[in-house]
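Engineer: run_12.tsv is reproduced below (TSV, C-alpha atoms).
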```
chain	number	residue	atom	x	y	z
A	35	MET	CA	0.00	0.00	0.00
A	36	GLN	CA	1.25	3.47	-0.84
A	37	ILE	CA	0.24	6.65	0.97
A	38	ALA	CA	0.95	9.93	-0.82
A	39	ILE	CA	0.94	13.12	1.25
A	40	VAL	CA	0.80	16.26	-0.85
A	41	LEU	CA	3.03	19.25	-0.08
A	42	PHE	CA	2.94	22.82	-1.39
A	43	ASP	CA	4.49	26.09	-0.27
A	44	GLY	CA	2.57	27.47	2.69
A	45	PHE	CA	1.08	24.19	3.93
A	46	THR	CA	0.25	23.81	7.63
A	47	ALA	CA	2.67	21.35	9.21
A	48	LEU	CA	0.28	19.48	11.49
A	49	ASP	CA	-2.16	18.98	8.59
A	50	ALA	CA	0.45	16.76	6.98
A	51	VAL	CA	2.39	15.40	9.95
A	52	GLY	CA	-0.65	14.39	12.02
A	53	PRO	CA	-2.05	11.95	9.43
A	54	TYR	CA	1.49	10.88	8.52
A	55	ASP	CA	2.28	9.83	12.08
A	56	ILE	CA	-0.94	7.80	12.32
A	57	LEU	CA	-1.33	6.27	8.86
A	58	SER	CA	2.35	5.45	8.32
A	59	ARG	CA	1.99	2.85	11.09
A	60	LEU	CA	-0.06	0.62	8.80
A	61	PRO	CA	1.91	-2.58	8.06
A	62	GLU	CA	3.48	-3.06	4.65
A	63	THR	CA	2.96	0.58	3.78
A	64	GLU	CA	5.14	3.04	1.91
A	65	THR	CA	4.50	6.67	2.80
A	66	VAL	CA	5.79	9.33	0.42
A	67	PHE	CA	5.67	13.11	0.51
A	68	VAL	CA	4.92	14.36	-2.99
A	69	ALA	CA	4.99	17.82	-4.57
A	70	GLN	CA	5.21	19.42	-7.98
A	71	GLN	CA	8.97	19.15	-7.71
A	72	ARG	CA	11.24	17.18	-5.39
A	73	GLY	CA	12.92	19.04	-2.57
A	74	ALA	CA	12.25	20.96	0.62
A	75	ILE	CA	8.78	22.48	0.85
A	76	ARG	CA	8.31	25.14	3.51
A	77	ASN	CA	5.34	25.59	5.78
A	78	ASP	CA	3.05	28.54	6.49
A	79	ASN	CA	4.86	29.76	9.62
A	80	ALA	CA	7.29	32.12	7.88
A	81	GLY	CA	8.79	29.06	6.21
A	82	SER	CA	10.34	28.06	9.53
A	83	LEU	CA	9.87	24.32	8.91
A	84	ALA	CA	10.46	22.31	5.77
A	85	ILE	CA	9.49	18.79	4.80
A	86	VAL	CA	11.29	17.09	1.95
A	87	ALA	CA	9.15	15.96	-0.95
A	88	ASP	CA	10.94	12.80	-2.01
A	89	ARG	CA	8.78	12.34	-5.10
A	90	ALA	CA	7.41	14.64	-7.78
A	91	PHE	CA	3.83	14.31	-8.97
A	92	ASP	CA	4.89	12.58	-12.17
A	93	GLU	CA	6.66	9.91	-10.12
A	94	VAL	CA	3.55	8.90	-8.13
A	95	ASP	CA	0.75	7.66	-10.35
A	96	ALA	CA	-1.32	5.21	-8.30
A	97	PRO	CA	-1.25	5.79	-4.54
A	98	ASP	CA	-3.78	3.84	-2.49
A	99	ILE	CA	-4.33	6.73	-0.06
A	100	ILE	CA	-4.05	10.43	-0.91
A	101	VAL	CA	-3.73	12.99	1.88
A	102	VAL	CA	-4.10	16.67	1.00
A	103	PRO	CA	-3.23	19.14	3.79
A	104	GLY	CA	-4.38	22.73	3.95
A	105	GLY	CA	-2.77	26.00	4.92
A	106	PRO	CA	-2.65	29.60	3.70
A	107	GLY	CA	-0.75	28.47	0.60
A	108	GLU	CA	-3.80	26.49	-0.50
A	109	THR	CA	-5.49	29.54	-2.05
A	110	LYS	CA	-2.78	29.88	-4.69
A	111	GLN	CA	-2.82	26.14	-5.36
A	112	ARG	CA	-6.49	26.24	-6.35
A	113	SER	CA	-5.35	27.58	-9.72
A	114	ASN	CA	-2.38	25.19	-10.03
A	115	THR	CA	-3.46	23.01	-12.95
A	116	VAL	CA	-0.52	20.63	-12.45
A	117	LEU	CA	-1.67	19.81	-8.92
A	118	LEU	CA	-5.37	19.67	-9.78
A	119	ASP	CA	-4.77	17.45	-12.81
A	120	TRP	CA	-2.65	15.11	-10.68
A	121	LEU	CA	-5.38	14.90	-8.05
A	122	ARG	CA	-7.97	14.01	-10.68
A	123	ALA	CA	-5.69	11.40	-12.21
A	124	VAL	CA	-4.68	9.59	-9.02
A	125	ASP	CA	-8.21	9.79	-7.63
A	126	ARG	CA	-9.38	7.51	-10.42
A	127	THR	CA	-7.57	4.55	-8.86
A	128	SER	CA	-7.19	5.54	-5.20
A	129	THR	CA	-8.87	3.54	-2.48
A	130	TRP	CA	-9.14	6.59	-0.23
A	131	THR	CA	-8.87	10.28	-1.08
A	132	THR	CA	-8.55	12.42	2.04
A	133	SER	CA	-7.91	15.96	3.19
A	134	VAL	CA	-7.24	17.98	6.31
A	135	CYS	CA	-8.39	21.53	6.95
A	136	THR	CA	-8.51	23.62	3.75
A	137	GLY	CA	-7.06	20.73	1.79
A	138	SER	CA	-10.70	19.90	1.05
A	139	LEU	CA	-10.88	23.11	-0.98
A	140	LEU	CA	-8.26	21.66	-3.31
A	141	LEU	CA	-10.24	18.44	-3.68
A	142	ALA	CA	-13.33	20.53	-4.38
A	143	ALA	CA	-11.46	22.73	-6.87
A	144	ALA	CA	-10.49	19.54	-8.71
A	145	GLY	CA	-14.18	18.63	-8.92
A	146	LEU	CA	-13.84	15.60	-6.66
A	147	LEU	CA	-16.32	16.71	-4.00
A	148	ASP	CA	-19.20	17.87	-6.21
A	149	GLY	CA	-22.41	17.15	-4.32
A	150	ARG	CA	-20.55	15.27	-1.58
A	151	ARG	CA	-20.67	15.97	2.14
A	152	ALA	CA	-17.34	17.32	3.31
A	153	THR	CA	-15.75	19.45	5.99
A	154	SER	CA	-12.91	21.94	6.28
A	155	HIS	CA	-11.60	24.58	8.66
A	156	TRP	CA	-14.60	26.41	10.13
A	157	LEU	CA	-13.52	29.64	8.45
A	158	ALA	CA	-13.57	27.93	5.03
A	159	LEU	CA	-16.91	26.11	5.07
A	160	GLU	CA	-18.69	28.75	2.98
A	161	THR	CA	-15.95	28.60	0.37
A	162	LEU	CA	-16.19	24.82	0.34
A	163	GLY	CA	-19.89	25.13	-0.50
A	164	ARG	CA	-19.18	27.58	-3.30
A	165	LEU	CA	-16.75	25.05	-4.78
A	166	GLY	CA	-19.50	22.45	-5.13
A	167	ALA	CA	-19.37	20.37	-1.94
A	168	THR	CA	-22.06	20.09	0.72
A	169	PRO	CA	-20.29	21.54	3.75
A	170	THR	CA	-20.78	20.27	7.28
A	171	ALA	CA	-19.13	21.33	10.51
A	172	GLU	CA	-18.45	17.74	11.62
A	173	ARG	CA	-14.89	16.93	12.66
A	174	VAL	CA	-14.45	14.00	10.26
A	175	VAL	CA	-16.74	13.31	7.31
A	176	VAL	CA	-16.80	10.13	5.24
A	177	ASP	CA	-18.64	10.17	1.91
A	178	GLY	CA	-17.79	7.09	-0.09
A	179	LYS	CA	-14.04	6.92	-0.42
A	180	TYR	CA	-13.64	10.61	0.41
A	181	VAL	CA	-12.62	11.38	4.00
A	182	THR	CA	-12.29	15.03	4.98
A	183	ALA	CA	-11.21	16.47	8.32
A	184	ALA	CA	-11.89	19.84	9.90
A	185	GLY	CA	-9.11	22.22	10.91
A	186	VAL	CA	-5.51	21.19	11.56
A	187	SER	CA	-5.65	18.92	14.64
A	188	ALA	CA	-8.65	17.04	13.17
A	189	GLY	CA	-6.21	15.32	10.82
A	190	ILE	CA	-5.20	13.05	13.70
A	191	ASP	CA	-8.83	12.04	14.21
A	192	MET	CA	-9.19	11.45	10.48
A	193	GLY	CA	-6.10	9.26	10.47
A	194	LEU	CA	-7.35	7.16	13.37
A	195	SER	CA	-10.80	6.82	11.84
A	196	LEU	CA	-9.33	5.64	8.55
A	197	LEU	CA	-6.89	3.37	10.36
A	198	GLY	CA	-9.79	1.66	12.12
A	199	THR	CA	-11.61	1.12	8.83
A	200	ILE	CA	-8.55	-0.34	7.11
A	201	ALA	CA	-6.87	-2.32	9.88
A	202	GLY	CA	-9.61	-2.74	12.49
A	203	GLU	CA	-10.53	-0.97	15.69
A	204	GLN	CA	-8.08	-2.89	17.87
A	205	PHE	CA	-5.15	-1.80	15.71
A	206	ALA	CA	-6.37	1.80	15.65
A	207	MET	CA	-6.83	1.85	19.42
A	208	ALA	CA	-3.33	0.45	19.88
A	209	VAL	CA	-1.92	3.28	17.76
A	210	GLN	CA	-3.97	5.80	19.72
A	211	LEU	CA	-2.61	4.41	22.98
A	212	MET	CA	0.99	4.27	21.78
A	213	THR	CA	0.80	7.88	20.61
A	214	GLU	CA	-1.02	8.73	23.87
A	215	TYR	CA	-3.60	10.70	21.94
A	216	ASP	CA	-5.82	11.75	24.83
A	217	PRO	CA	-6.68	15.42	24.30
A	218	GLN	CA	-7.26	17.43	27.46
A	219	PRO	CA	-6.98	21.04	26.30
A	220	PRO	CA	-6.53	23.75	28.92
A	221	TYR	CA	-9.23	25.87	27.25
A	222	GLN	CA	-12.65	25.07	25.82
A	223	ALA	CA	-12.21	27.20	22.74
A	224	GLY	CA	-11.47	24.61	20.07
A	225	SER	CA	-14.56	25.25	17.93
A	226	PRO	CA	-16.69	28.31	17.14
A	227	ASP	CA	-19.53	26.75	19.14
A	228	LYS	CA	-17.39	26.63	22.30
A	229	ALA	CA	-15.20	29.72	21.98
A	230	PRO	CA	-16.25	33.16	23.26
A	231	ALA	CA	-18.38	34.97	20.67
A	232	ASP	CA	-16.09	38.00	20.53
A	233	LEU	CA	-13.09	35.78	19.79
A	234	VAL	CA	-14.95	34.07	16.96
A	235	ALA	CA	-16.02	37.42	15.52
A	236	ASN	CA	-12.49	38.83	15.70
A	237	LEU	CA	-10.99	35.81	13.95
A	238	LYS	CA	-13.64	35.92	11.25
A	239	ALA	CA	-12.87	39.58	10.63
A	240	ALA	CA	-9.12	38.98	10.52
A	241	ASN	CA	-9.22	35.82	8.42
A	242	ARG	CA	-11.70	36.34	5.63
A	243	HIS	CA	-11.10	33.22	3.55
A	244	GLU	CA	-10.55	33.90	-0.10
A	245	GLY	CA	-13.24	32.21	-2.14
```
Render the structure in this file as structure tokens.

Structural biologist:
Amino acid sequence: MQIAIVLFDGFTALDAVGPYDILSRLPETETVFVAQQRGAIRNDNAGSLAIVADRAFDEVDAPDIIVVPGGPGETKQRSNTVLLDWLRAVDRTSTWTTSVCTGSLLLAAAGLLDGRRATSHWLALETLGRLGATPTAERVVVDGKYVTAAGVSAGIDMGLSLLGTIAGEQFAMAVQLMTEYDPQPPYQAGSPDKAPADLVANLKAANRHEG
């Protein structure tokens, strides 16, 4: 089994690394980071972290699982025909096509989520709808072979959910235990429904998502 994790300039690190750390534990699995060109691809935090894409798109033609992260750099990638064409091509034979955060906007831009239920970062749900999907604020959404996760940290949940489907609940729970994934956040502000209304309003005003 091959897992291909897409990289592009301005991706959010945890969007890619969270699912990587969970899904790469599947037995007999090759996990590759793939981008338009091989080399170091820098994240959205002033480029302070880089992950090496060890394969170019034209070197990965039939991955079993596709993982598309999000991040501020996603907006520019929505007009990247090389990336969108690759997504359409590999989706034809993939077993699972997945995304984290605004990565779902790239799947939608490629036409892969038309009429399908999907999620994204809460600030991007309206844009997701405009791109043809049926947006929902759920943390992980499964519609056929398409598995989308909400913002950033939800990629870990997506990975565990998919792990359980592929390898069974016992295996997934073992991975959860070994990674000690037991969230106990110090604040109850992890979703717009829980966070103070003024904080939600301020973030909406400061982060109008380009659609």

Engineer: Find the residue from A:Glu172, A:Asp125, A:Asp88, A:Asp177 that sits nearest to A:Val66; use all atoms listed in the file when measuring.

Structural biologist: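 Once distances to A:Val66 are computed over all atoms listed in the file, the minimum belongs to A:Asp88.
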
Engineer: Could you check the closest approach to A:Ser128 for each of A:Thr199, A:Thr213, A:Gln36, A:Ser225 and tell me which residue wins, using all atoms listed in the file?

Structural biologist: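 That would be A:Gln36, the residue with the smallest distance to A:Ser128.
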
Engineer: Show me, as a Markdown table, the residues of stretch 163-211 of chain A having an atom within 10 Å of stretch 52-64 of chain A, each with the closest atom pair and its distance in Å, using all atoms listed in the file.

Structural biologist:
```
| residue | atom | partner | partner_atom | distance |
| --- | --- | --- | --- | --- |
| A:Val186 | CA | A:Gly52 | CA | 8.4 |
| A:Ser187 | CA | A:Gly52 | CA | 7.2 |
| A:Ala188 | CA | A:Gly52 | CA | 8.5 |
| A:Gly189 | CA | A:Pro53 | CA | 5.5 |
| A:Ile190 | CA | A:Gly52 | CA | 5.0 |
| A:Asp191 | CA | A:Pro53 | CA | 8.3 |
| A:Met192 | CA | A:Pro53 | CA | 7.2 |
| A:Gly193 | CA | A:Pro53 | CA | 5.0 |
| A:Leu194 | CA | A:Ile56 | CA | 6.5 |
| A:Ser195 | CA | A:Ile56 | CA | 9.9 |
| A:Leu196 | CA | A:Leu57 | CA | 8.0 |
| A:Leu197 | CA | A:Leu57 | CA | 6.4 |
| A:Ile200 | CA | A:Leu60 | CA | 8.7 |
| A:Ala201 | CA | A:Leu60 | CA | 7.5 |
| A:Phe205 | CA | A:Leu60 | CA | 8.9 |
| A:Ala206 | CA | A:Ile56 | CA | 8.8 |
| A:Val209 | CA | A:Ile56 | CA | 7.1 |
| A:Gln210 | CA | A:Ile56 | CA | 8.2 |
```

Engineer: Any idea what's packed within 10 Å of A:Ala171, counting all atoms listed in the file, ignoring anything in its chain fewer than 5 positions away? Could you give it as number ranges by chain?

Structural biologist: A: 152-156, 159, 183-184, 225-226

Engineer: Which residue out of A:Glu203, A:Asp148, A:Asp227, A:Asp119 has the minimum interatomic distance to A:Asp92 when all atoms listed in the file are used?

Structural biologist: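 Selected residue with least distance to A:Asp92: A:Asp119.
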
Engineer: Restricting the calculation to only C-alpha atoms: of A:Leu41, A:Val51, A:Ala96, A:Ala239, which residue gets closest to A:Gly73?

Structural biologist: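 Ranked by minimum distance to A:Gly73, first place goes to A:Leu41.
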
Engineer: Please, what distance in Å, to one decimal, runs between atom CA of A:Val124 and atom CA of A:Leu83?

Structural biologist: 27.4 Å

Engineer: Measure the distance from atom CA of A:Ser113 to atom CA of A:Ala80 in Å and round it to one decimal.

Structural biologist: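 Separation of atom CA of A:Ser113 and atom CA of A:Ala80: 22.1 Å.
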
Engineer: One number please: atom CA of A:Val116 to atom CA of A:Ala69, in Å, one decimal.

Structural biologist: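 Pair atom CA of A:Val116 / atom CA of A:Ala69 returns 10.0 Å.
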
Engineer: Using all atoms listed in the file for the distances, tell me which of A:Thr170, A:Ser138, A:Thr127, A:Gln71 is nearest to A:Thr182.

Structural biologist: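 Ranked by minimum distance to A:Thr182, first place goes to A:Ser138.
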
Engineer: For A:Thr132, which of A:Gly202, A:Pro103, A:Gly149, A:Gly44 is the closest residue, counting only C-alpha atoms?

Structural biologist: A:Pro103

Engineer: Would you pick out the contacts of A:Ala74 at 7 Å or less, using all atoms listed in the file, so that residues sharing its chain but fewer than 4 positions from it are not included, and give the list as number ranges by chain?

Structural biologist: A: 84-87

Engineer: Centre and edge lengths, as AutoDock Vina command-line options, for the axis-aligned box enclosing every listed atom of stretch 88-92 of chain A with 6 Å of padding on each of the six sides, in Å to one decimal?

Structural biologist:
```
--center_x 7.4 --center_y 13.5 --center_z -7.1 --size_x 19.1 --size_y 14.3 --size_z 22.2
```

Engineer: For A:Val102, list every protein, DNA or RNA residue within 6 Å, evaluated using all atoms listed in the file, and leave out those in the same chain fewer than 3 positions away; present the list as a list in words.

Structural biologist: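 Close residues of A:Val102: Val40, Ser133 and Gly137 of chain A.
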
Engineer: Mind filling out stretch 119-135 of chain A with N, CA, C and O atoms and sending it as an mmCIF file, in the frame of the given file?

Structural biologist:
```cif
data_model
loop_
_atom_site.group_PDB
_atom_site.id
_atom_site.type_symbol
_atom_site.label_atom_id
_atom_site.label_comp_id
_atom_site.auth_asym_id
_atom_site.auth_seq_id
_atom_site.Cartn_x
_atom_site.Cartn_y
_atom_site.Cartn_z
ATOM 1 N N ASP A 119 -4.745 18.560 -11.850
ATOM 2 C CA ASP A 119 -4.770 17.450 -12.810
ATOM 3 C C ASP A 119 -4.244 16.169 -12.184
ATOM 4 O O ASP A 119 -4.764 15.073 -12.439
ATOM 5 N N TRP A 120 -3.196 16.301 -11.360
ATOM 6 C CA TRP A 120 -2.650 15.110 -10.680
ATOM 7 C C TRP A 120 -3.676 14.530 -9.726
ATOM 8 O O TRP A 120 -3.865 13.315 -9.673
ATOM 9 N N LEU A 121 -4.355 15.385 -8.972
ATOM 10 C CA LEU A 121 -5.380 14.900 -8.050
ATOM 11 C C LEU A 121 -6.477 14.146 -8.790
ATOM 12 O O LEU A 121 -6.918 13.069 -8.364
ATOM 13 N N ARG A 122 -6.922 14.691 -9.903
ATOM 14 C CA ARG A 122 -7.970 14.010 -10.680
ATOM 15 C C ARG A 122 -7.474 12.661 -11.195
ATOM 16 O O ARG A 122 -8.207 11.663 -11.174
ATOM 17 N N ALA A 123 -6.234 12.631 -11.640
ATOM 18 C CA ALA A 123 -5.690 11.400 -12.210
ATOM 19 C C ALA A 123 -5.530 10.307 -11.164
ATOM 20 O O ALA A 123 -5.972 9.164 -11.370
ATOM 21 N N VAL A 124 -4.919 10.627 -10.020
ATOM 22 C CA VAL A 124 -4.680 9.590 -9.020
ATOM 23 C C VAL A 124 -5.963 9.211 -8.288
ATOM 24 O O VAL A 124 -6.090 8.092 -7.771
ATOM 25 N N ASP A 125 -6.924 10.114 -8.263
ATOM 26 C CA ASP A 125 -8.210 9.790 -7.630
ATOM 27 C C ASP A 125 -8.949 8.682 -8.370
ATOM 28 O O ASP A 125 -9.743 7.954 -7.777
ATOM 29 N N ARG A 126 -8.672 8.537 -9.643
ATOM 30 C CA ARG A 126 -9.380 7.510 -10.420
ATOM 31 C C ARG A 126 -9.107 6.106 -9.899
ATOM 32 O O ARG A 126 -9.951 5.209 -10.017
ATOM 33 N N THR A 127 -7.928 5.903 -9.312
ATOM 34 C CA THR A 127 -7.570 4.550 -8.860
ATOM 35 C C THR A 127 -7.328 4.467 -7.348
ATOM 36 O O THR A 127 -7.038 3.388 -6.844
ATOM 37 N N SER A 128 -7.442 5.575 -6.641
ATOM 38 C CA SER A 128 -7.190 5.540 -5.200
ATOM 39 C C SER A 128 -8.276 4.756 -4.475
ATOM 40 O O SER A 128 -9.426 4.695 -4.920
ATOM 41 N N THR A 129 -7.887 4.179 -3.349
ATOM 42 C CA THR A 129 -8.870 3.540 -2.480
ATOM 43 C C THR A 129 -9.499 4.579 -1.564
ATOM 44 O O THR A 129 -10.701 4.537 -1.298
ATOM 45 N N TRP A 130 -8.677 5.501 -1.091
ATOM 46 C CA TRP A 130 -9.140 6.590 -0.230
ATOM 47 C C TRP A 130 -8.517 7.892 -0.679
ATOM 48 O O TRP A 130 -7.306 7.966 -0.901
ATOM 49 N N THR A 131 -9.344 8.928 -0.792
ATOM 50 C CA THR A 131 -8.870 10.280 -1.080
ATOM 51 C C THR A 131 -9.273 11.150 0.097
ATOM 52 O O THR A 131 -10.460 11.265 0.414
ATOM 53 N N THR A 132 -8.275 11.739 0.783
ATOM 54 C CA THR A 132 -8.550 12.420 2.040
ATOM 55 C C THR A 132 -7.960 13.830 2.066
ATOM 56 O O THR A 132 -7.093 14.178 1.261
ATOM 57 N N SER A 133 -8.438 14.598 3.022
ATOM 58 C CA SER A 133 -7.910 15.960 3.190
ATOM 59 C C SER A 133 -7.994 16.358 4.648
ATOM 60 O O SER A 133 -8.742 15.778 5.437
ATOM 61 N N VAL A 134 -7.218 17.378 4.981
ATOM 62 C CA VAL A 134 -7.240 17.980 6.310
ATOM 63 C C VAL A 134 -7.386 19.484 6.127
ATOM 64 O O VAL A 134 -6.753 20.082 5.250
ATOM 65 N N CYS A 135 -8.233 20.091 6.943
ATOM 66 C CA CYS A 135 -8.390 21.530 6.950
ATOM 67 C C CYS A 135 -8.776 22.024 5.544
ATOM 68 O O CYS A 135 -9.624 21.429 4.885
#
```
